[in-house]
Amino acid sequence: MADEKPKEKPREMKAQVTVPYEMAMGRNWHRFFENLKEERIMGTKCGKCSRVFIPPRSFCPRCFEDNEEWVEIGQEGTIETWCYSNLMFYGQTLKPPFIAVQVHLDGTDVGLQHRIAGFDLSDFEKVRELVKSGGRVRVVWNKEKKGNIFDIDYFELIPE
Amino acid sequence: MGRAVAVIGTGQTRHGRRNDVSYPDLVREAVRMALEDAGITPKDIEGVVSGTMPSMMEGISDTHLYFAEALCEVGKPVLKVESCGSTGQSIAHCGFYWVASGMADLVLVVGMEKMFEGDGQATMSTVADPWFLKPFSAGAPGVFTMQAMEWMHRFNIPEDKAHEAAAFISVTHHDSALDNPYAHIKIKIGMDEAKNAPIITYPVRLLDVCPTSDGACAVILASEEMAKKIGRKPAWIRGLGFRGEEFFYGESNKSIWPSATEAAKHAYEQAGIRDPLKELDVAEIYNPFTYQEMIFYECFGFCPRGKAPDYVLEGKFNRTGELPCDPSGGVLCTNPIGASGLIRLAEATLQVTGKAGARQIEGAELALSHAMGGIDQFNGVTIVGAKL
């Protein structure tokens with residue numbers, strides 16, 4: 001009967017969309033990752049405002065000029081901010097718990113996202129005692145290099 | 001600002017888990033209500049703007065194709081605009097430009113989301129690039145926690161004070177949602193419950209975080225001539241501002257958030273507002289996280305930098321305070337993302353037209369609405385008033 005009110009709740013249907021990609025990283029990201037394999041961190045510098053970028057921007061986001069100069073960047077830096085995550089969602093790269101960090105590497109003018117590790121992260125209260133905004137960190141290289149951001153395995157805390 | 005533009009009708013669905021209806025039927029629910037509120041029919045609409053989050057949220061791309069009938073689009077010019085969480089303000093601005101330019105007299109603006117159909121955090125992480133940002137993504141809570149930590153560090157805000165103020169915002173917003181018939185999360189909570197809720201991404205706790213919701217919102221914009229002809233009490237758009245920042249999160253200072261600050265400043269200039277705390281009667285701020293709400297208070301000039309927790313704990317932004325913020329319960333209690341920024345404008349409209357029911361702020365004449373989008377990248381503000 002067309003006008004009969006349905007007794008059941010309308011059904012839902014399972015569906016999935018999966019699409020593979022081949023994404024071009026461009027010359028700058030390519031050069032950056034090739035240098036990571038050699039344990040060098042390279043940034044680009046704007047000829048106009050002199051800011052140093054990491055990730056190495058091909059052009060200055062504010063001046064719109066080509067960033068033609070490459071500079072080697074320090075392997076230590078300062079924690080600008082951080083986050084302890086105990087959350088897991090579909091497709092997430094890092095397994096919880098992990099510490100995401102924005103680190104201001106020496107000689108740059110921007111913050112880089114990475115992770116802090118190298119100690120027991122299971123107890124948040126202990127993590128909180130150790131990790132502070134303004135604290136210093138240094139790069140720990142991955143022994144196995146793949147030419148991606150995890151060639152920097154993680155940042156370790158430099159004791160005060 | 002071009003021609004004067006009025007909001008002459010608004011409509012919202014009941015928000016929450018809406019698996020009782022298909023996505024197009026959900027959209028139509030909001031559109032039909034807005035048409036009734038404005039006293040017009042689909043054939044009166046001259047153009048349609050819609051917007052959502054990235055299409056992976058519901059698994060169907062370019063939904064303005066799928067919603068052609070629900071959006072009354074057939075035979076009309078159509079636009080879709082997306083800016084992640086700030087979509088709701090982006091589409092309102094787009095509709096404003098259309099009417100202000102003189103190219104149309106009646107434009108329908110609709111934002112929507114059906115978040116229970118997909119995976120919200122996984123979808124949102126697709127706005128990050130695969131090389132530098134996505135590998136360290138901890139979803140939206142991770143981004144907002146990084147921002148909150150930076151803000152507390154920069155302004156030397158004691159963690160205990162920020163924690164107390166965040167809990168206070170959670171309690172007052174959840175209270176307000178009880179008076180909003182469209183709100184999703186309707187629970188009565190106390191300070192201890194908010195302060196001791198499970199940690200999501202420290203210091204952000206469960207009751208500091210918005211839900212995911214299904215819902216839609218529609219708004220009808222009209223030229224002055226059309227608004228007067230139709231004769232319903234309108235809300236006049238008095239100012240608007242929208243600003244973006246660099247893509248990479250670490251390239252701008254999120255503790256003072258330039259895009260939020262400048263978007264509000266631009267809107268204030270147009271509306272002639274010099275002291276927002278005194279001049280605004282109510283604000284509907286896009287606040288998926290309690291800590292972020294406090295950063296917005298500072299960016300919008302409601303209080304000095306670093307002082308938001310003090311103002312919050314003094315009750316300045318309560319429903320009985322100097323500038324009531326989010327009397328609807330806000331995004332914290334209802335978040336169908338593509339609609340959320342437009343719901344802020346709809347709620348601001350209800351306030352200045354005296355139609356906000358149990359959540360009405362008595363005598364409200366000037367209201368701010370706002371939304372934020374991306375990895376803290378975009379901010380949009382629209383100010384509406386009872387007078388032109």
# chains A, B, ... in the order shown; residues from 1 in each chain; ligands from 1
call {"tool": "residues_around", "arguments": {"residues": "B:Pro203", "least_positions_apart": "2", "cutoff": "8 Å", "atoms": "only C-alpha atoms", "output": "JSON list (two decimals) with N, CA and C atoms, in the first residue's frame"}}
result
[["chain", "number", "residue", "atom", "x", "y", "z"],
["B", 145, "THR", "N", 44.30, 21.73, 19.77],
["B", 145, "THR", "CA", 45.11, 21.61, 20.99],
["B", 145, "THR", "C", 46.44, 22.32, 20.82],
["B", 163, "HIS", "N", 41.73, 25.89, 32.11],
["B", 163, "HIS", "CA", 40.92, 24.68, 32.30],
["B", 163, "HIS", "C", 39.58, 25.03, 32.93],
["B", 199, "ILE", "N", 40.18, 12.91, 28.72],
["B", 199, "ILE", "CA", 41.07, 13.70, 27.87],
["B", 199, "ILE", "C", 41.04, 13.16, 26.44],
["B", 200, "ILE", "N", 40.90, 14.06, 25.48],
["B", 200, "ILE", "CA", 40.94, 13.67, 24.06],
["B", 200, "ILE", "C", 42.36, 13.90, 23.53],
["B", 201, "THR", "N", 42.76, 15.17, 23.52],
["B", 201, "THR", "CA", 44.15, 15.54, 23.22],
["B", 201, "THR", "C", 44.47, 16.63, 24.23],
["B", 205, "ARG", "N", 39.31, 18.17, 26.65],
["B", 205, "ARG", "CA", 38.54, 17.04, 27.16],
["B", 205, "ARG", "C", 37.25, 16.84, 26.37]]
call {"tool": "residues_around", "arguments": {"residues": "stretch 48-58 of chain A", "least_positions_apart": "6", "cutoff": "9 Å", "atoms": "only C-alpha atoms", "output": "JSON, numbers by chain"}}
result
{"A": [27, 28, 29, 32, 41, 42, 65, 66, 67, 68, 70, 71, 73, 105, 107, 108, 109, 110, 111, 112], "B": [132, 248, 251]}
call {"tool": "write_last_selection", "arguments": {"atoms": "C-alpha atoms", "output": "PDB file, in the first residue's frame"}}
result
ATOM      1  CA  ARG A  27      61.276  20.204  -7.672  1.00  0.00           C
ATOM      2  CA  ASN A  28      61.462  21.748  -4.213  1.00  0.00           C
ATOM      3  CA  TRP A  29      59.986  18.915  -2.190  1.00  0.00           C
ATOM      4  CA  PHE A  32      64.358  18.612   0.179  1.00  0.00           C
ATOM      5  CA  ILE A  41      67.882  19.774   6.223  1.00  0.00           C
ATOM      6  CA  MET A  42      67.609  22.381   3.483  1.00  0.00           C
ATOM      7  CA  GLU A  65      58.864  36.098  -5.453  1.00  0.00           C
ATOM      8  CA  ASP A  66      60.766  32.941  -6.485  1.00  0.00           C
ATOM      9  CA  ASN A  67      62.823  31.582  -3.575  1.00  0.00           C
ATOM     10  CA  GLU A  68      66.058  30.982  -5.457  1.00  0.00           C
ATOM     11  CA  TRP A  70      68.835  27.301  -0.596  1.00  0.00           C
ATOM     12  CA  VAL A  71      70.255  27.346   2.930  1.00  0.00           C
ATOM     13  CA  ILE A  73      69.202  24.599   8.454  1.00  0.00           C
ATOM     14  CA  LEU A 105      64.360  24.996  13.723  1.00  0.00           C
ATOM     15  CA  GLY A 107      67.867  29.550  11.264  1.00  0.00           C
ATOM     16  CA  THR A 108      64.275  29.413   9.995  1.00  0.00           C
ATOM     17  CA  ASP A 109      61.357  31.833  10.249  1.00  0.00           C
ATOM     18  CA  VAL A 110      58.488  29.333  10.423  1.00  0.00           C
ATOM     19  CA  GLY A 111      57.395  26.300  12.436  1.00  0.00           C
ATOM     20  CA  LEU A 112      57.686  22.715  11.163  1.00  0.00           C
TER      21      LEU A 112
ATOM     22  CA  PHE B 132      54.386  17.517   5.575  1.00  0.00           C
ATOM     23  CA  PHE B 248      51.245  25.585   6.319  1.00  0.00           C
ATOM     24  CA  GLU B 251      53.795  29.997   8.922  1.00  0.00           C
TER      25      GLU B 251
END
call {"tool": "residues_around", "arguments": {"residues": "stretch 340-349 of chain B", "least_positions_apart": "2", "cutoff": "7 Å", "atoms": "only C-alpha atoms", "output": "ChimeraX atom specification"}}
result
/B:10,86-89,92,111,217,219,235,284-286,331,335-338,351-353,367-371,384
call {"tool": "write_last_selection", "arguments": {"atoms": "C-alpha atoms", "output": "JSON list (two decimals), in the first residue's frame"}}
result
[["chain", "number", "residue", "atom", "x", "y", "z"],
["B", 10, "THR", "CA", 15.95, 31.28, 7.73],
["B", 86, "SER", "CA", 34.10, 28.43, 7.14],
["B", 87, "THR", "CA", 31.90, 27.25, 4.23],
["B", 88, "GLY", "CA", 28.77, 28.57, 5.95],
["B", 89, "GLN", "CA", 30.15, 32.11, 6.02],
["B", 92, "ALA", "CA", 26.57, 33.69, 2.85],
["B", 111, "GLY", "CA", 24.79, 24.78, 3.84],
["B", 217, "CYS", "CA", 20.53, 25.42, 7.17],
["B", 219, "VAL", "CA", 18.97, 31.52, 4.43],
["B", 235, "ALA", "CA", 17.98, 41.47, 9.41],
["B", 284, "GLU", "CA", 27.35, 33.59, 17.43],
["B", 285, "ILE", "CA", 30.93, 32.35, 17.25],
["B", 286, "TYR", "CA", 32.09, 29.20, 15.49],
["B", 331, "VAL", "CA", 28.92, 24.68, 17.47],
["B", 335, "ASN", "CA", 28.08, 20.77, 14.29],
["B", 336, "PRO", "CA", 26.89, 19.74, 10.81],
["B", 337, "ILE", "CA", 30.01, 21.45, 9.51],
["B", 338, "GLY", "CA", 28.95, 22.74, 6.05],
["B", 351, "GLN", "CA", 18.16, 37.39, 17.50],
["B", 352, "VAL", "CA", 17.92, 40.80, 15.78],
["B", 353, "THR", "CA", 14.44, 40.06, 14.42],
["B", 367, "ALA", "CA", 24.77, 40.65, 16.16],
["B", 368, "LEU", "CA", 28.03, 39.10, 15.00],
["B", 369, "SER", "CA", 28.17, 35.73, 13.26],
["B", 370, "HIS", "CA", 31.35, 33.87, 12.37],
["B", 371, "ALA", "CA", 33.00, 30.70, 11.07],
["B", 384, "VAL", "CA", 23.60, 41.81, 11.01]]
call {"tool": "atom_distance", "arguments": {"atom1": "atom CA of B:Val110", "atom2": "atom CA of B:Val21"}}
result
17.4 Å
call {"tool": "select_by_dssp", "arguments": {"residues": "chain A", "states": "alpha helix (DSSP H)", "output": "number ranges by chain"}}
result
A: 26-37, 124-130
call {"tool": "closest_atom_pairs", "arguments": {"of": "chain B", "to": "chain A", "cutoff": "7 Å", "atoms": "only C-alpha atoms", "output": "CSV"}}
result
residue,atom,partner,partner_atom,distance
B:Asp20,CA,A:Pro10,CA,6.2
B:Gly59,CA,A:Val17,CA,6.7
B:Gln121,CA,A:Phe89,CA,6.3
B:Ala122,CA,A:Tyr90,CA,5.4
B:Trp131,CA,A:Ile149,CA,6.8
B:Phe132,CA,A:Ile149,CA,6.8
B:Leu133,CA,A:Gln113,CA,6.6
B:Pro135,CA,A:Thr93,CA,5.4
B:Phe136,CA,A:His114,CA,6.1
B:Ala138,CA,A:Ser85,CA,6.5
B:Gly142,CA,A:Cys83,CA,6.3
B:Thr145,CA,A:Cys83,CA,6.1
B:Met146,CA,A:Trp82,CA,5.4
B:Met149,CA,A:Thr81,CA,6.0
B:Glu150,CA,A:Thr81,CA,5.1
B:His153,CA,A:Ser133,CA,6.7
B:Ile200,CA,A:Asn86,CA,6.5
B:Thr201,CA,A:Ser85,CA,4.8
B:Tyr202,CA,A:Tyr84,CA,5.9
B:Glu246,CA,A:Pro61,CA,6.8
B:Gly250,CA,A:Gly111,CA,4.1
B:Glu251,CA,A:Val110,CA,5.0
call {"tool": "residues_around", "arguments": {"residues": "stretch 309-321 of chain B", "least_positions_apart": "3", "cutoff": "7 Å", "atoms": "only C-alpha atoms", "output": "JSON, numbers by chain"}}
result
{"B": [161, 162, 165, 294, 324, 325, 327]}
call {"tool": "write_last_selection", "arguments": {"atoms": "N, CA and C atoms", "output": "CSV table (one decimal), in the first residue's frame"}}
result
chain,number,residue,atom,x,y,z
B,161,LYS,N,43.7,27.9,35.2
B,161,LYS,CA,42.7,29.0,34.9
B,161,LYS,C,42.1,28.7,33.6
B,162,ALA,N,42.9,28.4,32.6
B,162,ALA,CA,42.3,28.1,31.2
B,162,ALA,C,41.3,26.9,31.3
B,165,ALA,N,38.1,28.0,32.9
B,165,ALA,CA,37.3,28.8,32.0
B,165,ALA,C,36.7,28.0,30.9
B,294,MET,N,37.8,31.1,23.4
B,294,MET,CA,38.5,32.2,24.1
B,294,MET,C,39.4,32.9,23.2
B,324,PRO,N,26.4,38.5,25.4
B,324,PRO,CA,26.1,37.1,25.3
B,324,PRO,C,26.7,36.4,24.1
B,325,CYS,N,27.4,35.3,24.2
B,325,CYS,CA,28.0,34.6,23.1
B,325,CYS,C,27.4,33.2,23.0
B,327,PRO,N,24.1,32.0,22.4
B,327,PRO,CA,22.9,31.6,23.1
B,327,PRO,C,22.2,30.4,22.5
